[in-house]
Every structure is written in C-alpha cells, then in structure tokens.
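Undergrad: Before we start, here is the structure in question, set down as structure tokens.
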Amino acid sequence: MPTITEDQIMNALEPVMDPDRQASIVKLGMVSGLVIRDGNVGFAIEVDPARGQALEPVRKAAEDAVLQLPGVTSVTAVLTAHREGTPGQPAGSAAGAAPEGPPRQAAEADKPGVPGIGSIIAIASGKGGVGKSTTAANLALAMAADGMRVGVMDADVYGPSMPRMLGISGRPSQTQGRKIVPMENYGVKAMSMGFLVEEDTPMIWRGPMVMGALEQLLHEVVWGELDVLVVDMPPGTGDAQLTMAQRVPLAGAVIVSTPQDIALLDAKKGLNMFRKVDVPVLGIIENMSYFTCPHCGERSDIFSHGGARREAERLGMEFLGEIPLDMAIRETSDSGQPITVSQPDSPHAKAYRAIGRRIAEKLAAESRTAPKIVIQ
C-alpha cells in the first residue's frame, strides 16, 4: 500500500474552498488535527459555530478529495466550532460548575437520537485509574451474555482502550454511503478512535475537535439494532464530558469509583455533573473493593472498603455492587479476553453479570414509565 503523507493530504484539500470567504480551507488554516494510520485519515475543519450546518458540504467535499488519493481507504472529517467564552473563561471550555439543566423532557428533545438504539448509557468516573474501561467492557459483555444486543462506543479519545480490551485489531470499513461499519468481537459491536490511530500516537486535539469526532462516532456509525449502547466516557468532568452529557440522549450513567476518600471526592463531582444536566444516575460501582491473596487467602482492603456503598446511601443512589482487585481481571483485560467471557463461571464474572442485569432492569423500568405531558 502506498505511503500517505501529510503533504499529499494538504495538497488534495487545497482546491476545497470556503464558499463565503472564497479561499482554500488549507490557506485559511481551517484544517487541523490530522491523523494518518495505514489507509485511514482523520482531520478537523475549524469553522465559525454560526456557519457549522451550512458548511456540511465543505466537510463532505474535503472527505471526497482525500479519498481519491491512492492508498486511502477511509476518511473521517469533522467540523469543529469554537464558541466565545464567558468573561474569565476560555472559548470552547466548560465553566467550573455545570448550569442547571432544563426539565428532562425538554432537554432530551434537543438531543438527536440514534435510530435502532434502544438505550445509551455512560460508564463514567470522576478521575482516571479506577478501572472504568475494564468495568465498561465487562458490563457490556455481561449484558450481551444475557441475550441483549450490545454496542460499545469508546469516548475516551485521548486514551482509547477498547480495541485491546475487546481483543479487536484492524480497521473499520465504510459503506457506500460513507458510514463507518463498527468492529465486532464476542457478539459486541465496538467503535473507537483506537481503530484509526496507532496505540502510541498522541491525540493532540482541542475540546471542540474531540466533540466533533465523538458525534461522528455516534451518528455516522452503522450501529444497527441495539438494545443498549455502552459509552466508555473519558475520565473527569471537563468540557468533553459535559458536552457529551448535554448532547447525547443518555438513558442513564453509571459511576465507577474505588473505595478511598480521594477517589470518592472525584466520583461525587462526576455524579453531580450528570445531575446538573438532568441525566439520571443508575448507580455506583465500587471497583478494586478488596484484594484476596491468591496464596494464603487473606483479604486486604488496600484502598479501604465500603466507601462507595456508604456514599451511595448518603446521596440516595443505588449501590450496584463491588468488584475486587484481582490479577485475573487485569490479566484477562490486557489479553483482550475479559473475564466475563473467558471465565464466565468465576465469582468476578458473576458479579459483573449481576450488575449488568440490574442495569438492564432499570433501563426497562425507565422505558415503561408513562410519558409526561409538558406544557410550554
């Protein structure tokens, strides 16, 4: 396959014009965030937010221009917009506290749904390093093992881990209509930026560029008919997380935390973010809850124990369950054979299955809730 260079891509984009400014999008400096992996190309086109919808033909023209290059098999271009910030706040960033959300019915009406997907849930944490992605992968596989049609969207653009955890390699294909076909393993569909870039390639993208990519991963992927789409959210409560919560029709969020106080402080921030934007919190999971020595059987509460359960009770949230710190969970995740599918009869797999069933029950109950009349 011919080697594709940045110069070749920029030369191909040179004839693509901004219709209002009558100049090349390259010369205007609108092209940024270029990523090349094998025959897959991704980049962003920065535009004024007021012109975003009108410049959709420019985005498509840019994709078509690059797709003509020899060796290019797929192109993903996103429109990104920088909004003016409030005084003392950088443009395109979120304020320290999320604004109070509108009533849920009105808020959900503004979020475009995804045809064929029954429910979208977010697996989130207030900080990194608590095992959120491991939990997301195993919960998705647990629900699939119970007969649900499940997809996984890896929203952690800066640190995508789903390709490795789900044991998926290669790159996705595209339909004739330029939609991306998700990868699949263990009966679960998956889409991640990790399929488009090498594992050691840093994603040096600003917040609006990330959000453009995430919206395409959601709306321009052929997900098909799914009962639930599990979204592995980025850690923290920054602009990407807040905007994702505000723009995606989430049926609920699951908060993952370890038991110690410092992790619970950050978990509460994540929980409060979802509350502010009127996304229901389905419950809290305590990960790395305890450690049992494989040699002597002695139990150690390395990160304390029970903190997430107590916090859930204090906040009026459901405590969904606890998952231990265990080498088998780590080893199976690293090898692309998560414990839920590689050791389905193990106590840890059964714990994930129990949590997955409870989440499914809550989603079913939510869908059976009678609609409320809203007078505007």
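The chains in the structure tokens are called A, B, ... from first to last as shown; in each chain the residues are counted from 1, and the ligands are counted from 1 in the order shown.
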Quick check for you: according to DSSP on this backbone, which residues of stretch 297-327 of chain A are classed as helix (DSSP H, G or I)? Reply as a VMD selection string.
TA: chain A and resid 307 to 315 327
Undergrad: Could you pull the residues within 9 Å of stretch 128-142 of chain A, counting only C-alpha atoms, minus those fewer than 5 positions along the same chain, as a PyMOL selection string?
TA: chain A and resi 122-123+150-152+154+160-162+165-166+186-188+228-236+255-258+263+285+287-288+323+329-330+333+338-341+349-350+352-357
Undergrad: Would you export the selected residues with C-alpha atoms as a PDB file, in the first residue's frame, please?
TA:
```pdb
ATOM      1  CA  ALA A 122     -22.482   6.207  30.113  1.00  0.00           C
ATOM      2  CA  ILE A 123     -19.885   4.446  32.255  1.00  0.00           C
ATOM      3  CA  VAL A 150     -24.957  -4.511  22.795  1.00  0.00           C
ATOM      4  CA  GLY A 151     -22.555  -1.985  21.324  1.00  0.00           C
ATOM      5  CA  VAL A 152     -19.596  -0.187  22.914  1.00  0.00           C
ATOM      6  CA  ASP A 154     -15.108   4.288  23.237  1.00  0.00           C
ATOM      7  CA  PRO A 160      -8.788   4.599  23.851  1.00  0.00           C
ATOM      8  CA  SER A 161      -8.510   1.132  25.364  1.00  0.00           C
ATOM      9  CA  MET A 162     -11.484  -0.798  23.989  1.00  0.00           C
ATOM     10  CA  MET A 165      -9.705  -4.969  25.938  1.00  0.00           C
ATOM     11  CA  LEU A 166     -12.135  -6.446  23.440  1.00  0.00           C
ATOM     12  CA  TYR A 186     -17.673 -11.641  21.446  1.00  0.00           C
ATOM     13  CA  GLY A 187     -21.017 -10.625  19.927  1.00  0.00           C
ATOM     14  CA  VAL A 188     -20.498  -6.952  20.806  1.00  0.00           C
ATOM     15  CA  VAL A 228     -28.102  -0.785  24.630  1.00  0.00           C
ATOM     16  CA  LEU A 229     -25.027   1.210  23.628  1.00  0.00           C
ATOM     17  CA  VAL A 230     -22.433   1.384  26.393  1.00  0.00           C
ATOM     18  CA  VAL A 231     -20.342   4.563  26.228  1.00  0.00           C
ATOM     19  CA  ASP A 232     -16.948   4.391  27.927  1.00  0.00           C
ATOM     20  CA  MET A 233     -16.669   8.046  28.930  1.00  0.00           C
ATOM     21  CA  PRO A 234     -13.399   9.962  29.329  1.00  0.00           C
ATOM     22  CA  PRO A 235     -12.343  10.342  32.977  1.00  0.00           C
ATOM     23  CA  GLY A 236     -13.019  13.614  34.749  1.00  0.00           C
ATOM     24  CA  ILE A 255     -20.361   5.929  38.254  1.00  0.00           C
ATOM     25  CA  VAL A 256     -17.254   3.813  38.897  1.00  0.00           C
ATOM     26  CA  SER A 257     -15.077   4.575  41.921  1.00  0.00           C
ATOM     27  CA  THR A 258     -12.545   2.954  44.182  1.00  0.00           C
ATOM     28  CA  ALA A 263     -11.471   8.814  44.625  1.00  0.00           C
ATOM     29  CA  ILE A 285     -19.955   0.593  41.463  1.00  0.00           C
ATOM     30  CA  ASN A 287     -14.137  -1.224  41.873  1.00  0.00           C
ATOM     31  CA  MET A 288     -10.912  -2.613  43.446  1.00  0.00           C
ATOM     32  CA  ILE A 323     -15.671  -5.757  42.139  1.00  0.00           C
ATOM     33  CA  ILE A 329      -9.382  -9.307  35.917  1.00  0.00           C
ATOM     34  CA  ARG A 330      -6.273  -7.369  34.942  1.00  0.00           C
ATOM     35  CA  SER A 333      -8.414  -7.432  30.158  1.00  0.00           C
ATOM     36  CA  PRO A 338     -12.231 -10.060  29.519  1.00  0.00           C
ATOM     37  CA  ILE A 339     -13.069 -12.271  32.473  1.00  0.00           C
ATOM     38  CA  THR A 340     -16.793 -12.148  31.739  1.00  0.00           C
ATOM     39  CA  VAL A 341     -16.261 -14.193  28.562  1.00  0.00           C
ATOM     40  CA  ALA A 349     -17.765 -12.691  36.084  1.00  0.00           C
ATOM     41  CA  LYS A 350     -20.902 -13.456  38.080  1.00  0.00           C
ATOM     42  CA  TYR A 352     -20.415  -8.278  36.523  1.00  0.00           C
ATOM     43  CA  ARG A 353     -23.398 -10.301  35.292  1.00  0.00           C
ATOM     44  CA  ALA A 354     -25.430  -9.356  38.379  1.00  0.00           C
ATOM     45  CA  ILE A 355     -24.645  -5.656  37.915  1.00  0.00           C
ATOM     46  CA  GLY A 356     -25.417  -5.879  34.198  1.00  0.00           C
ATOM     47  CA  ARG A 357     -28.809  -7.454  34.916  1.00  0.00           C
TER      48      ARG A 357
END
```
Undergrad: Please run DSSP on the backbone and report, as number ranges by chain, all residues within stretch 5-244 of chain A that come out as strand (DSSP E or B).
TA: A: 17-18, 23-24, 31-37, 40-47, 74-81, 117-124, 150-154, 174, 180, 183-185, 188-192, 221, 226-232
Undergrad: Put those residues in a file: C-alpha atoms, as a compact mmCIF listing (two decimals), in the first residue's frame.
TA:
```txt
# COMPACT_ATOMS: atom_id res chain seq x y z
CA MET A 17 -12.99 26.26 -0.90
CA ASP A 18 -14.76 28.12 1.88
CA ALA A 23 -10.38 30.86 -0.36
CA SER A 24 -8.94 27.40 0.20
CA VAL A 31 -7.55 22.16 8.67
CA SER A 32 -6.10 20.76 11.89
CA GLY A 33 -5.65 17.60 13.95
CA LEU A 34 -4.52 15.47 11.01
CA VAL A 35 -4.16 11.79 11.88
CA ILE A 36 -2.93 9.09 9.48
CA ARG A 37 -2.97 5.35 10.17
CA ASN A 40 -7.23 5.75 7.40
CA VAL A 41 -7.19 9.54 7.52
CA GLY A 42 -8.87 11.84 10.04
CA PHE A 43 -8.81 15.61 10.42
CA ALA A 44 -10.86 18.54 11.66
CA ILE A 45 -12.13 21.64 9.85
CA GLU A 46 -12.47 24.57 12.23
CA VAL A 47 -15.43 26.82 11.46
CA SER A 74 -11.31 5.73 4.69
CA VAL A 75 -11.59 9.41 5.60
CA THR A 76 -13.21 10.99 8.65
CA ALA A 77 -13.51 14.78 8.62
CA VAL A 78 -15.27 16.64 11.42
CA LEU A 79 -16.49 20.21 11.66
CA THR A 80 -15.41 21.85 14.90
CA ALA A 81 -16.56 25.20 16.21
CA ILE A 117 -30.53 2.04 19.58
CA GLY A 118 -32.87 1.42 22.50
CA SER A 119 -30.83 2.99 25.30
CA ILE A 120 -27.48 4.73 25.63
CA ILE A 121 -25.71 4.54 28.98
CA ALA A 122 -22.48 6.21 30.11
CA ILE A 123 -19.88 4.45 32.25
CA ALA A 124 -18.10 7.33 33.95
CA VAL A 150 -24.96 -4.51 22.79
CA GLY A 151 -22.55 -1.98 21.32
CA VAL A 152 -19.60 -0.19 22.91
CA MET A 153 -18.57 3.35 21.99
CA ASP A 154 -15.11 4.29 23.24
CA GLN A 174 -17.14 2.09 5.21
CA ILE A 180 -18.45 3.53 9.31
CA MET A 183 -15.81 -3.73 14.53
CA GLU A 184 -17.15 -6.75 16.44
CA ASN A 185 -15.97 -9.44 18.84
CA VAL A 188 -20.50 -6.95 20.81
CA LYS A 189 -20.14 -4.14 18.27
CA ALA A 190 -17.48 -1.54 19.02
CA MET A 191 -16.17 1.75 17.68
CA SER A 192 -13.10 3.60 18.94
CA VAL A 221 -21.53 4.60 12.51
CA LEU A 226 -29.06 -2.46 19.61
CA ASP A 227 -30.80 -2.84 22.93
CA VAL A 228 -28.10 -0.79 24.63
CA LEU A 229 -25.03 1.21 23.63
CA VAL A 230 -22.43 1.38 26.39
CA VAL A 231 -20.34 4.56 26.23
CA ASP A 232 -16.95 4.39 27.93
```
Undergrad: Please provide as a list of chain:residue names all residues within 9 Å of A:Arg309, with the sequence filter that same-chain residues fewer than 4 positions apart are discarded (counting only C-alpha atoms).
TA: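 With the cut-off at 9 Å, the set is A:Pro259, A:Ile284, A:Ile285, A:Glu286, A:His305, A:Glu313, A:Arg314, A:Glu318, A:Phe319, A:Leu320, A:Gly321, A:Glu322.
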Undergrad: A:Pro172, A:Gly307, A:Thr237, A:Tyr290: which is nearest A:Lys276, counting only C-alpha atoms?
TA: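 Counting only C-alpha atoms, the residue closest to A:Lys276 is A:Thr237.
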Undergrad: A:Pro294, A:Gly113, A:Pro280, A:Pro57: which is nearest A:Val248, counting only C-alpha atoms?
TA: A:Gly113
Undergrad: Kindly give the distance, in Å, that separates atom CA of A:Leu55 and atom CA of A:Gly212, rounded to a single decimal.
TA: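 Value for the atom CA of A:Leu55-atom CA of A:Gly212 distance: 13.7 Å.
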Undergrad: Measuring atom to atom with only C-alpha atoms, identify which of A:Gly170, A:Gly194, A:Pro115, A:Gly126 is nearest to A:Glu220.
TA: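 Using only C-alpha atoms, the shortest distance to A:Glu220 belongs to A:Pro115.
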Undergrad: Kindly indicate which residue among A:Gly336, A:Gly270, A:Gly316, A:Pro163 lies nearest to A:Leu242, using only C-alpha atoms for the distances.
TA: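 Looking only at the distances to A:Leu242, the closest residue turns out to be A:Gly270.
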Undergrad: Pick from A:Met143, A:Leu282, A:Val277, A:Met30: nearest to A:Ala351, with only C-alpha atoms counted?
TA: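 Closest candidate: A:Met143.
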Undergrad: Set the distance at 12 Å and use only C-alpha atoms: which residues neighbour A:Pro15 once local chain neighbours fewer than 6 positions away are removed? I'd like the list as a ChimeraX atom specification.
TA: /A:9,22-28,58,61-62,64-66
Undergrad: Could you save those same residues with N, CA and C atoms as a tab-separated table (two decimals), in the first residue's frame?
TA:
```tsv
chain	number	residue	atom	x	y	z
A	9	ILE	N	-2.05	14.96	1.60
A	9	ILE	CA	-3.42	15.25	2.05
A	9	ILE	C	-3.71	16.74	1.96
A	22	GLN	N	-14.23	32.57	-0.08
A	22	GLN	CA	-13.66	32.39	-1.41
A	22	GLN	C	-12.15	32.13	-1.35
A	23	ALA	N	-11.79	31.24	-0.49
A	23	ALA	CA	-10.38	30.86	-0.36
A	23	ALA	C	-10.30	29.41	0.07
A	24	SER	N	-9.14	28.79	-0.14
A	24	SER	CA	-8.94	27.40	0.20
A	24	SER	C	-8.98	27.20	1.71
A	25	ILE	N	-9.58	26.10	2.15
A	25	ILE	CA	-9.63	25.82	3.58
A	25	ILE	C	-8.22	25.57	4.12
A	26	VAL	N	-7.30	25.17	3.26
A	26	VAL	CA	-5.91	24.98	3.69
A	26	VAL	C	-5.25	26.33	3.91
A	27	LYS	N	-5.38	27.23	2.96
A	27	LYS	CA	-4.76	28.55	3.09
A	27	LYS	C	-5.37	29.37	4.23
A	28	LEU	N	-6.62	29.09	4.52
A	28	LEU	CA	-7.27	29.80	5.62
A	28	LEU	C	-6.92	29.20	6.99
A	58	VAL	N	-18.89	21.42	2.60
A	58	VAL	CA	-17.43	21.56	2.57
A	58	VAL	C	-16.78	20.36	3.23
A	61	ALA	N	-16.99	17.51	0.82
A	61	ALA	CA	-16.07	17.71	-0.29
A	61	ALA	C	-14.63	17.42	0.12
A	62	ALA	N	-14.29	17.78	1.35
A	62	ALA	CA	-12.93	17.51	1.85
A	62	ALA	C	-12.71	16.00	1.98
A	64	ASP	N	-14.22	13.65	0.26
A	64	ASP	CA	-14.15	13.09	-1.09
A	64	ASP	C	-12.80	13.37	-1.74
A	65	ALA	N	-12.25	14.56	-1.50
A	65	ALA	CA	-10.97	14.92	-2.12
A	65	ALA	C	-9.85	14.02	-1.61
A	66	VAL	N	-9.81	13.77	-0.31
A	66	VAL	CA	-8.74	12.94	0.25
A	66	VAL	C	-8.94	11.47	-0.12
```
